[in-house]
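Student: File follows, entry.tsv with TSV, C-alpha atoms:
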```
chain	number	residue	atom	x	y	z
E	30	MET	CA	-41.19	106.35	197.30
E	31	GLU	CA	-41.72	102.92	198.85
E	32	ALA	CA	-38.13	102.94	200.07
E	33	VAL	CA	-38.63	106.35	201.69
E	34	LEU	CA	-41.81	105.26	203.45
E	35	SER	CA	-40.06	102.19	204.81
E	36	ILE	CA	-37.77	104.41	206.91
E	37	PRO	CA	-39.62	105.16	210.18
E	38	GLU	CA	-38.01	108.58	210.71
E	39	LEU	CA	-38.95	109.78	207.22
E	40	LEU	CA	-42.44	108.30	207.45
E	41	GLU	CA	-42.89	110.09	210.77
E	42	ALA	CA	-41.87	113.43	209.22
E	43	ILE	CA	-44.32	112.91	206.36
E	44	LEU	CA	-47.22	111.86	208.59
E	45	LEU	CA	-46.80	114.97	210.71
E	46	HIS	CA	-47.89	117.02	207.70
E	47	LEU	CA	-51.31	115.32	207.60
E	48	ASP	CA	-54.30	116.98	209.21
E	49	MET	CA	-55.27	115.63	212.60
E	50	ALA	CA	-58.43	113.75	211.58
E	51	THR	CA	-56.72	112.00	208.65
E	52	LEU	CA	-53.77	111.01	210.80
E	53	LEU	CA	-55.98	109.68	213.57
E	54	VAL	CA	-58.60	107.82	211.51
E	55	SER	CA	-57.28	107.03	208.01
E	56	ALA	CA	-53.50	106.77	208.25
E	57	THR	CA	-53.63	104.11	210.97
E	58	ARG	CA	-55.55	101.85	208.57
E	59	VAL	CA	-53.04	101.92	205.69
E	60	ASN	CA	-50.93	99.05	207.00
E	61	LYS	CA	-49.32	97.73	210.16
E	62	THR	CA	-46.11	99.71	209.57
E	63	TRP	CA	-47.92	103.04	209.44
E	64	GLN	CA	-50.00	102.10	212.45
E	65	ALA	CA	-46.92	101.14	214.45
E	66	VAL	CA	-45.15	104.41	213.62
E	67	ILE	CA	-48.21	106.48	214.57
E	68	TYR	CA	-48.72	104.64	217.86
E	69	THR	CA	-45.05	104.68	218.92
E	70	SER	CA	-43.88	108.09	217.71
E	71	VAL	CA	-43.72	110.56	220.58
E	72	LEU	CA	-44.01	113.52	218.20
E	73	ILE	CA	-47.09	112.12	216.48
E	74	GLN	CA	-48.75	111.21	219.76
E	75	GLN	CA	-48.09	114.74	221.00
E	76	ALA	CA	-49.50	116.20	217.79
E	77	LEU	CA	-52.60	114.04	218.29
E	78	TYR	CA	-52.86	115.28	221.90
E	79	PHE	CA	-52.44	111.83	223.42
E	80	GLN	CA	-49.09	112.64	225.06
E	81	PRO	CA	-48.31	115.95	226.78
E	82	VAL	CA	-45.58	118.32	225.73
E	83	SER	CA	-43.73	120.35	228.30
E	84	THR	CA	-44.02	124.10	228.59
E	85	GLU	CA	-40.39	124.28	227.50
E	86	ALA	CA	-41.17	122.38	224.29
E	87	GLN	CA	-43.84	124.91	223.43
E	88	GLU	CA	-41.46	127.79	224.09
E	89	TYR	CA	-39.00	126.27	221.63
E	90	GLY	CA	-41.52	126.25	218.82
E	91	TRP	CA	-43.80	123.23	219.30
E	92	LYS	CA	-46.85	123.80	217.15
E	93	GLY	CA	-48.61	120.47	216.61
E	94	PHE	CA	-52.05	121.00	215.14
E	95	SER	CA	-52.36	124.24	217.03
E	96	GLU	CA	-55.15	126.70	217.52
E	97	PRO	CA	-55.11	129.40	220.21
E	98	CYS	CA	-57.53	129.00	223.07
E	99	VAL	CA	-58.36	132.67	222.88
E	100	ASP	CA	-58.88	135.30	220.23
E	101	SER	CA	-55.23	136.24	220.08
E	102	GLU	CA	-52.57	135.81	217.43
E	103	ASN	CA	-49.98	135.88	220.21
E	104	ALA	CA	-51.38	133.06	222.33
E	105	GLN	CA	-47.98	131.51	223.01
E	106	GLU	CA	-46.40	134.84	223.91
E	107	ALA	CA	-49.26	135.41	226.34
E	108	GLU	CA	-48.55	131.99	227.91
E	109	TYR	CA	-51.92	130.59	226.85
E	110	LEU	CA	-52.40	126.93	226.14
E	111	ILE	CA	-52.96	125.60	222.63
E	112	ILE	CA	-56.42	124.10	222.43
E	113	ASN	CA	-57.09	120.68	220.90
E	114	PRO	CA	-58.63	121.67	217.54
E	115	LEU	CA	-60.33	118.33	216.93
E	116	LEU	CA	-62.10	118.45	220.29
E	117	LYS	CA	-63.12	122.05	219.67
E	118	LYS	CA	-64.58	121.07	216.31
E	119	ARG	CA	-66.48	118.07	217.69
E	120	PHE	CA	-67.74	119.55	220.96
E	121	GLY	CA	-68.19	123.14	219.89
E	122	HIS	CA	-69.25	126.02	222.10
E	123	CYS	CA	-70.68	123.70	224.72
E	124	PHE	CA	-67.14	123.01	225.97
E	125	PHE	CA	-64.88	125.36	224.00
E	126	ASP	CA	-66.48	128.79	224.10
E	127	THR	CA	-63.42	130.83	223.20
E	128	GLY	CA	-64.70	133.39	220.76
E	129	GLU	CA	-67.80	135.42	220.03
E	130	PHE	CA	-70.16	133.51	222.32
E	131	TYR	CA	-67.76	133.22	225.23
E	132	GLY	CA	-70.15	134.76	227.74
E	133	TYR	CA	-73.03	132.31	227.42
E	134	ILE	CA	-74.10	130.14	230.34
E	135	LEU	CA	-75.68	126.84	229.39
E	136	ARG	CA	-77.98	124.13	230.69
E	137	ALA	CA	-78.37	120.39	230.03
E	138	ASN	CA	-80.32	121.03	226.83
E	139	SER	CA	-77.21	122.67	225.35
E	140	PHE	CA	-75.66	119.20	224.93
E	141	TYR	CA	-77.87	118.84	221.87
E	142	SER	CA	-76.01	121.78	220.31
E	143	MET	CA	-72.73	119.86	220.02
E	144	PRO	CA	-71.74	119.47	216.35
E	145	TRP	CA	-71.95	115.66	216.43
E	146	THR	CA	-75.66	115.68	217.27
E	147	PRO	CA	-77.88	115.35	214.16
E	148	TYR	CA	-79.99	118.49	214.66
E	149	ALA	CA	-77.34	120.88	215.97
E	150	ARG	CA	-77.58	123.31	213.06
E	151	GLU	CA	-81.38	123.39	213.09
E	152	ASN	CA	-81.61	124.21	216.78
E	153	THR	CA	-80.39	127.77	216.58
E	154	GLN	CA	-82.32	130.54	218.27
E	155	ALA	CA	-83.25	133.27	215.79
E	156	MET	CA	-83.18	136.26	218.08
E	157	THR	CA	-81.91	139.83	218.03
E	158	ARG	CA	-78.91	138.76	220.09
E	159	PRO	CA	-76.20	136.60	218.46
E	160	SER	CA	-77.68	133.19	217.77
E	161	TYR	CA	-76.65	130.18	219.81
E	162	PRO	CA	-77.69	126.54	219.28
E	163	SER	CA	-80.02	125.02	221.86
E	164	GLY	CA	-81.55	121.60	222.18
E	165	PRO	CA	-84.33	120.21	219.98
E	166	GLN	CA	-87.97	120.04	220.99
E	167	THR	CA	-87.92	116.25	221.32
E	168	ALA	CA	-91.58	116.10	222.32
E	169	ASP	CA	-92.50	117.09	218.74
E	170	MET	CA	-90.15	114.63	217.05
E	171	THR	CA	-90.99	111.39	215.27
E	172	LEU	CA	-89.61	108.04	216.41
E	173	LYS	CA	-87.25	108.07	213.41
E	174	GLU	CA	-85.84	111.45	214.41
E	175	LEU	CA	-85.40	110.31	218.01
E	176	ASP	CA	-83.60	107.18	216.79
E	177	GLU	CA	-81.23	109.36	214.76
E	178	ILE	CA	-80.30	111.26	217.92
E	179	ASP	CA	-79.74	108.04	219.88
E	180	ILE	CA	-77.55	106.54	217.14
E	181	ALA	CA	-75.44	109.70	216.79
E	182	CYS	CA	-74.94	109.89	220.56
E	183	ARG	CA	-73.92	106.24	220.84
E	184	LYS	CA	-71.21	106.75	218.22
E	185	PHE	CA	-69.55	109.32	220.46
E	186	THR	CA	-70.31	107.87	223.89
E	187	ARG	CA	-69.38	104.29	222.97
E	188	LYS	CA	-66.89	102.35	225.05
E	189	GLY	CA	-63.28	102.96	224.04
E	190	ALA	CA	-63.91	106.24	222.18
E	191	SER	CA	-60.51	107.83	221.54
E	192	TRP	CA	-61.61	111.42	222.31
E	193	ARG	CA	-61.81	110.59	226.00
E	194	LYS	CA	-58.05	110.02	226.12
E	195	MET	CA	-57.19	113.24	224.31
E	196	LEU	CA	-55.60	116.12	226.18
E	197	VAL	CA	-57.74	119.25	226.08
E	198	SER	CA	-54.71	121.38	225.23
E	199	GLN	CA	-50.95	121.43	224.85
E	200	PRO	CA	-49.37	121.68	227.31
E	201	PRO	CA	-52.25	120.27	229.40
E	202	PRO	CA	-53.64	122.39	232.27
E	203	PRO	CA	-52.22	121.38	235.66
E	204	PHE	CA	-55.70	121.39	237.24
E	205	LEU	CA	-59.37	121.58	236.37
E	206	GLY	CA	-60.79	124.53	238.25
E	207	TYR	CA	-64.26	123.98	239.70
E	208	SER	CA	-66.70	126.61	240.94
E	209	PHE	CA	-70.23	126.04	242.22
E	210	MET	CA	-72.64	128.68	243.46
E	211	GLY	CA	-75.78	127.43	245.14
E	212	ASP	CA	-77.36	126.26	248.39
E	213	THR	CA	-80.51	128.30	248.16
E	214	ASP	CA	-84.15	127.78	247.21
E	215	GLN	CA	-84.47	131.41	246.32
E	216	VAL	CA	-83.46	133.38	243.25
E	217	PHE	CA	-81.88	136.11	245.35
E	218	GLY	CA	-79.36	135.14	248.05
E	219	PRO	CA	-77.95	134.15	250.32
E	220	HIS	CA	-75.44	132.07	248.35
E	221	TRP	CA	-72.26	130.13	248.93
E	222	VAL	CA	-69.46	129.76	246.39
E	223	TYR	CA	-67.61	126.44	246.53
E	224	THR	CA	-64.29	126.09	244.70
E	225	ALA	CA	-61.77	123.32	244.08
E	226	LEU	CA	-58.72	122.59	241.96
E	227	ILE	CA	-59.11	119.04	240.65
E	228	ARG	CA	-55.86	117.31	239.80
E	229	PRO	CA	-56.01	115.05	236.72
E	230	MET	CA	-55.14	111.38	236.97
E	231	ALA	CA	-51.53	110.69	237.85
E	232	ASP	CA	-51.39	107.57	235.65
E	233	SER	CA	-48.07	107.67	233.77
E	234	GLN	CA	-49.80	106.93	230.46
E	235	LEU	CA	-52.73	109.29	230.98
E	236	SER	CA	-51.23	112.28	232.75
E	237	GLY	CA	-52.70	115.72	232.11
E	238	LEU	CA	-56.30	116.85	231.83
E	239	ARG	CA	-58.14	114.62	229.35
E	240	MET	CA	-61.43	115.35	227.63
E	241	GLY	CA	-63.00	112.34	229.33
E	242	MET	CA	-62.60	113.90	232.77
E	243	LEU	CA	-63.83	117.34	231.68
E	244	TYR	CA	-66.83	115.81	229.89
E	245	ASP	CA	-67.79	113.57	232.83
E	246	VAL	CA	-67.69	116.45	235.33
E	247	VAL	CA	-69.91	118.67	233.18
E	248	GLN	CA	-72.33	116.01	231.92
E	249	TYR	CA	-72.97	114.57	235.39
E	250	ARG	CA	-73.50	117.86	237.17
E	251	ALA	CA	-75.54	119.42	234.37
E	252	GLY	CA	-78.06	116.62	234.76
E	253	HIS	CA	-77.90	115.42	238.36
E	254	HIS	CA	-79.30	118.21	240.50
E	255	GLU	CA	-82.36	118.96	242.62
E	256	HIS	CA	-83.60	122.34	241.43
E	257	THR	CA	-84.87	123.63	238.12
E	258	SER	CA	-81.52	124.30	236.49
E	259	MET	CA	-77.81	123.77	236.75
E	260	TRP	CA	-76.30	126.54	234.63
E	261	PHE	CA	-72.72	125.94	233.52
E	262	ARG	CA	-69.92	127.16	231.29
E	263	VAL	CA	-66.30	126.22	230.68
E	264	VAL	CA	-63.93	129.19	230.98
E	265	TRP	CA	-60.58	129.16	229.19
E	266	ASN	CA	-57.53	131.23	230.15
E	267	GLN	CA	-59.18	134.43	231.36
E	268	GLU	CA	-62.34	135.39	233.21
E	269	ARG	CA	-65.04	137.33	231.40
E	270	GLU	CA	-68.44	138.70	232.14
E	271	PRO	CA	-71.12	137.97	232.99
E	272	TYR	CA	-70.73	136.66	236.55
E	273	SER	CA	-73.63	136.00	238.87
E	274	THR	CA	-71.93	137.69	241.81
E	275	ARG	CA	-68.71	139.50	242.56
E	276	SER	CA	-67.50	136.63	244.75
E	277	SER	CA	-67.89	134.07	241.96
E	278	GLN	CA	-65.85	136.33	239.67
E	279	VAL	CA	-63.06	136.77	242.22
E	280	LYS	CA	-62.83	133.03	242.80
E	281	CYS	CA	-62.60	132.35	239.08
E	282	GLN	CA	-59.80	134.91	238.79
E	283	GLU	CA	-57.92	133.23	241.63
E	284	MET	CA	-58.16	129.76	240.08
E	285	LEU	CA	-57.10	131.03	236.64
E	286	GLN	CA	-53.85	132.16	238.25
E	287	GLN	CA	-53.11	128.48	238.92
E	288	THR	CA	-54.59	126.79	235.85
E	289	ASN	CA	-56.05	127.63	232.44
E	290	VAL	CA	-59.53	126.12	232.55
E	291	VAL	CA	-62.37	126.49	235.05
E	292	VAL	CA	-65.82	124.93	234.85
E	293	GLU	CA	-68.45	127.07	236.57
E	294	PHE	CA	-71.82	125.88	237.88
E	295	HIS	CA	-74.64	128.13	239.01
E	296	HIS	CA	-77.43	126.30	240.83
E	297	ILE	CA	-80.60	128.17	241.77
E	298	ASN	CA	-84.32	127.48	241.78
E	299	ASP	CA	-85.18	129.62	238.76
E	300	GLY	CA	-88.48	127.96	237.89
E	301	ALA	CA	-90.28	131.25	238.43
E	302	PHE	CA	-88.78	132.61	235.20
E	303	LYS	CA	-90.81	132.14	232.04
E	304	GLY	CA	-89.35	129.43	229.84
E	305	HIS	CA	-87.05	128.05	232.54
E	306	PHE	CA	-88.39	124.52	232.74
E	307	HIS	CA	-86.56	121.74	234.51
E	308	GLU	CA	-83.39	120.72	232.71
E	309	PRO	CA	-83.02	117.98	231.78
E	310	PRO	CA	-86.73	117.13	231.57
E	311	ASP	CA	-85.93	113.40	231.78
E	312	LEU	CA	-82.67	112.49	233.51
E	313	ALA	CA	-82.75	108.86	232.34
E	314	VAL	CA	-82.97	109.95	228.68
E	315	PHE	CA	-80.25	112.56	229.17
E	316	ASP	CA	-77.88	109.97	230.66
E	317	LYS	CA	-78.78	107.40	228.02
E	318	ARG	CA	-77.83	109.80	225.24
E	319	PHE	CA	-74.92	111.72	226.69
E	320	ARG	CA	-73.27	109.71	229.46
E	321	SER	CA	-70.16	107.99	228.18
E	322	GLU	CA	-69.99	104.22	228.50
E	323	ASP	CA	-66.53	104.79	230.02
E	324	TYR	CA	-67.89	107.34	232.51
E	325	GLN	CA	-65.77	107.76	235.63
E	326	HIS	CA	-67.22	109.66	238.55
E	327	VAL	CA	-65.02	112.50	239.75
E	328	ASP	CA	-65.15	112.95	243.51
E	329	ILE	CA	-64.67	116.69	244.03
E	330	GLN	CA	-63.08	117.71	247.31
E	331	ILE	CA	-64.02	121.33	248.01
E	332	ASP	CA	-60.99	123.46	248.83
E	333	GLU	CA	-62.81	126.62	249.87
E	334	LYS	CA	-66.32	127.78	250.75
E	335	THR	CA	-67.00	131.51	250.42
E	336	TRP	CA	-70.04	133.34	251.78
E	337	ASP	CA	-71.64	135.46	249.09
E	338	GLY	CA	-73.97	137.28	251.45
E	339	TRP	CA	-77.20	138.74	250.11
E	340	GLU	CA	-75.71	140.03	246.91
E	341	GLN	CA	-78.30	139.94	244.15
E	342	PRO	CA	-77.20	137.68	241.27
E	343	ARG	CA	-76.85	139.41	237.92
E	344	LEU	CA	-79.07	137.19	235.76
E	345	GLU	CA	-78.52	138.59	232.29
E	346	ARG	CA	-80.87	136.85	229.88
E	347	GLN	CA	-78.89	137.80	226.78
E	348	PHE	CA	-76.09	135.56	228.02
E	349	SER	CA	-78.32	132.60	228.92
E	350	VAL	CA	-79.21	129.69	226.64
E	351	LEU	CA	-82.62	128.27	227.38
```
Would you mind writing the file out in structure tokens?
Tutor:
Amino acid sequence: MEAVLSIPELLEAILLHLDMATLLVSATRVNKTWQAVIYTSVLIQQALYFQPVSTEAQEYGWKGFSEPCVDSENAQEAEYLIINPLLKKRFGHCFFDTGEFYGYILRANSFYSMPWTPYARENTQAMTRPSYPSGPQTADMTLKELDEIDIACRKFTRKGASWRKMLVSQPPPPFLGYSFMGDTDQVFGPHWVYTALIRPMADSQLSGLRMGMLYDVVQYRAGHHEHTSMWFRVVWNQEREPYSTRSSQVKCQEMLQQTNVVVEFHHINDGAFKGHFHEPPDLAVFDKRFRSEDYQHVDIQIDEKTWDGWEQPRLERQFSVL
């Protein structure tokens, strides 16, 4: 067995049968030989979503540690991307809403629902609609409980965290679609819809859309705004209801013809609604807990600005997470 493991090609073939978490965390610590093979093997780095595969490679049977982005057993035949399963497991519905809860729109407090936060399971709304995790009532927590949240957040937002360099899918989306509806102090119109296709970094070693970029765009804009709320959701592969206005839906459809992921923001002064308090309640605390130490600001250049007229937004509470 030792002789077999000393041959890099055979070791590579064996390592590719490990699950993603074991390969990423445990296998690299066995010895320097294993670590070198994992770091230099193109196939392993592709399976770990650190290096992109081409569309052609997927067509010829590339699987990696694959999981469809949508509820379809024929994701590859439908030309859908293969989502990064480790990112989906760690960041949950806040960033990878691809199944039952796809239609929910979120606010800053939803960051506490991510699986790596200590109270994610406890913060589930018990309502007649399908339950969805929301943030904890931190005002009622003890100092020990607050410290647990801070420690858990620092483990993920620490400098050099590997998840930031991971591709969100294989092959990676060519752009990150961006949609923002706002520019009003009223609940009901008029509204503008701003859209952009953001090209990922062109760095030869970090090409393709990485989780760090997606996370930074959402975390910054979910917290840094002037009105009561910045509603958001990340849309994968195909548009689905609900949409605030017809124009926002059309623009999402148009962007999804050019890429596979769109992040939508809906910015209105909704403080008149019961239970819609300012989110986040304390921006400094929100950034302390959820802003990555390697945060990089993404300067979004708007490609198009569309007048939405006086169309009344369809604010469907059953699809909103408070």
Student: Separation of CA of Met210 (chain E) and CA of Ser277 (chain E), in Å?
Tutor: 7.3 Å
Student: Expressed in Å to a single decimal, how great is the separation between CA of Arg262 (chain E) and CA of Leu53 (chain E)?
Tutor: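 That distance, rounded to one decimal, is 28.5 Å.
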Student: Give me the residues near Lys184 (chain E) as a PDB file with C-alpha atoms, in the frame of the given file, where near means some atom within 12 Å (using only C-alpha atoms) and where sequence neighbours in that chain fewer than 6 positions away do not count.
Tutor:
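The resulting part-v1.pdb:
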```pdb
ATOM      1  CA  TRP E 145     -71.950 115.660 216.430  1.00  0.00           C
ATOM      2  CA  THR E 146     -75.660 115.680 217.270  1.00  0.00           C
ATOM      3  CA  PRO E 147     -77.880 115.350 214.160  1.00  0.00           C
ATOM      4  CA  GLU E 177     -81.230 109.360 214.760  1.00  0.00           C
ATOM      5  CA  ILE E 178     -80.300 111.260 217.920  1.00  0.00           C
ATOM      6  CA  ALA E 190     -63.910 106.240 222.180  1.00  0.00           C
ATOM      7  CA  SER E 191     -60.510 107.830 221.540  1.00  0.00           C
ATOM      8  CA  TRP E 192     -61.610 111.420 222.310  1.00  0.00           C
ATOM      9  CA  ARG E 318     -77.830 109.800 225.240  1.00  0.00           C
ATOM     10  CA  PHE E 319     -74.920 111.720 226.690  1.00  0.00           C
ATOM     11  CA  ARG E 320     -73.270 109.710 229.460  1.00  0.00           C
ATOM     12  CA  SER E 321     -70.160 107.990 228.180  1.00  0.00           C
ATOM     13  CA  GLU E 322     -69.990 104.220 228.500  1.00  0.00           C
TER      14      GLU E 322
END
```
Student: Quick one: everything within 9 Å of region 68-73 of chain E, counting all atoms listed in the file, minus sequence neighbours fewer than 5 positions away in the same chain. Send it as a PyMOL selection string.
Tutor: chain E and resi 41+44-45+52+57+63+78-80+93
Student: Kindly provide, as number ranges by chain, the polymer residues lying within 8 Å of (-79.9, 122.6, 240.4), counting only C-alpha atoms and using the coordinates exactly as they appear in the file.
Tutor: E: 211, 253-260, 295-298
Student: Which is closest to Phe124 (chain E) among E:Leu77, E:Met143, E:Met195, E:Leu226, if we use all atoms listed in the file?
Tutor: E:Met143
Student: For CA of Phe140 (chain E) and CA of Ile180 (chain E), quote the distance in Å rounded to one decimal.
Tutor: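 Going from CA of Phe140 (chain E) over to CA of Ile180 (chain E), I get 15.0 Å.
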Student: Which neighbours of region 115-119 of chain E fall inside 12 Å, counting only C-alpha atoms, when residues of the same chain fewer than 4 positions from it are skipped, and could you give them as a ChimeraX atom specification?
Tutor: /E:48-54,76-78,93-98,111,123-128,140,142-146,149,185,191-198,239-241,243-244
Student: Would you give the centre and edge lengths, in Å to one decimal, of a box along x, y and z around the listed atoms of region 138-147 of chain E, with 8 Å added to each side, as AutoDock Vina command-line options?
Tutor:
```
--center_x -76.0 --center_y 119.0 --center_z 220.5 --size_x 24.6 --size_y 23.3 --size_z 28.7
```
Student: With all atoms listed in the file as the atoms that count, which of E:Leu40, E:Val246, E:Ala181, E:Leu47 lies nearest to Gln64 (chain E)?
Tutor: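 Checking each candidate against Gln64 (chain E), we get E:Leu40 as the closest.
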Student: Pull the neighbourhood of (-61.0, 130.9, 235.6) for me: all residues within 9 Å in file coordinates, counting all atoms listed in the file, as a list in words.
Tutor: Gly206, Tyr207, Ser208, Val263, Val264, Trp265, Asn266, Gln267, Glu268, Arg269, Gln278, Lys280, Cys281, Gln282, Glu283, Met284, Leu285, Gln286, Gln287, Thr288, Asn289, Val290, Val291, Val292 and Glu293 of chain E
Student: So, counting all atoms listed in the file, which residue among E:Ala65, E:Leu110, E:Ala313, E:Ala225 is closest to Gln330 (chain E)?
Tutor: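 Ranked by minimum distance to Gln330 (chain E), first place goes to E:Ala225.
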Student: Please determine, counting only C-alpha atoms, which residue among E:Val279, E:Met242, E:Val66, E:Val247 has the shortest atom-to-atom distance to Tyr324 (chain E).
Tutor: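 Among E:Val279, E:Met242, E:Val66, E:Val247, it is E:Met242 that comes nearest to Tyr324 (chain E).
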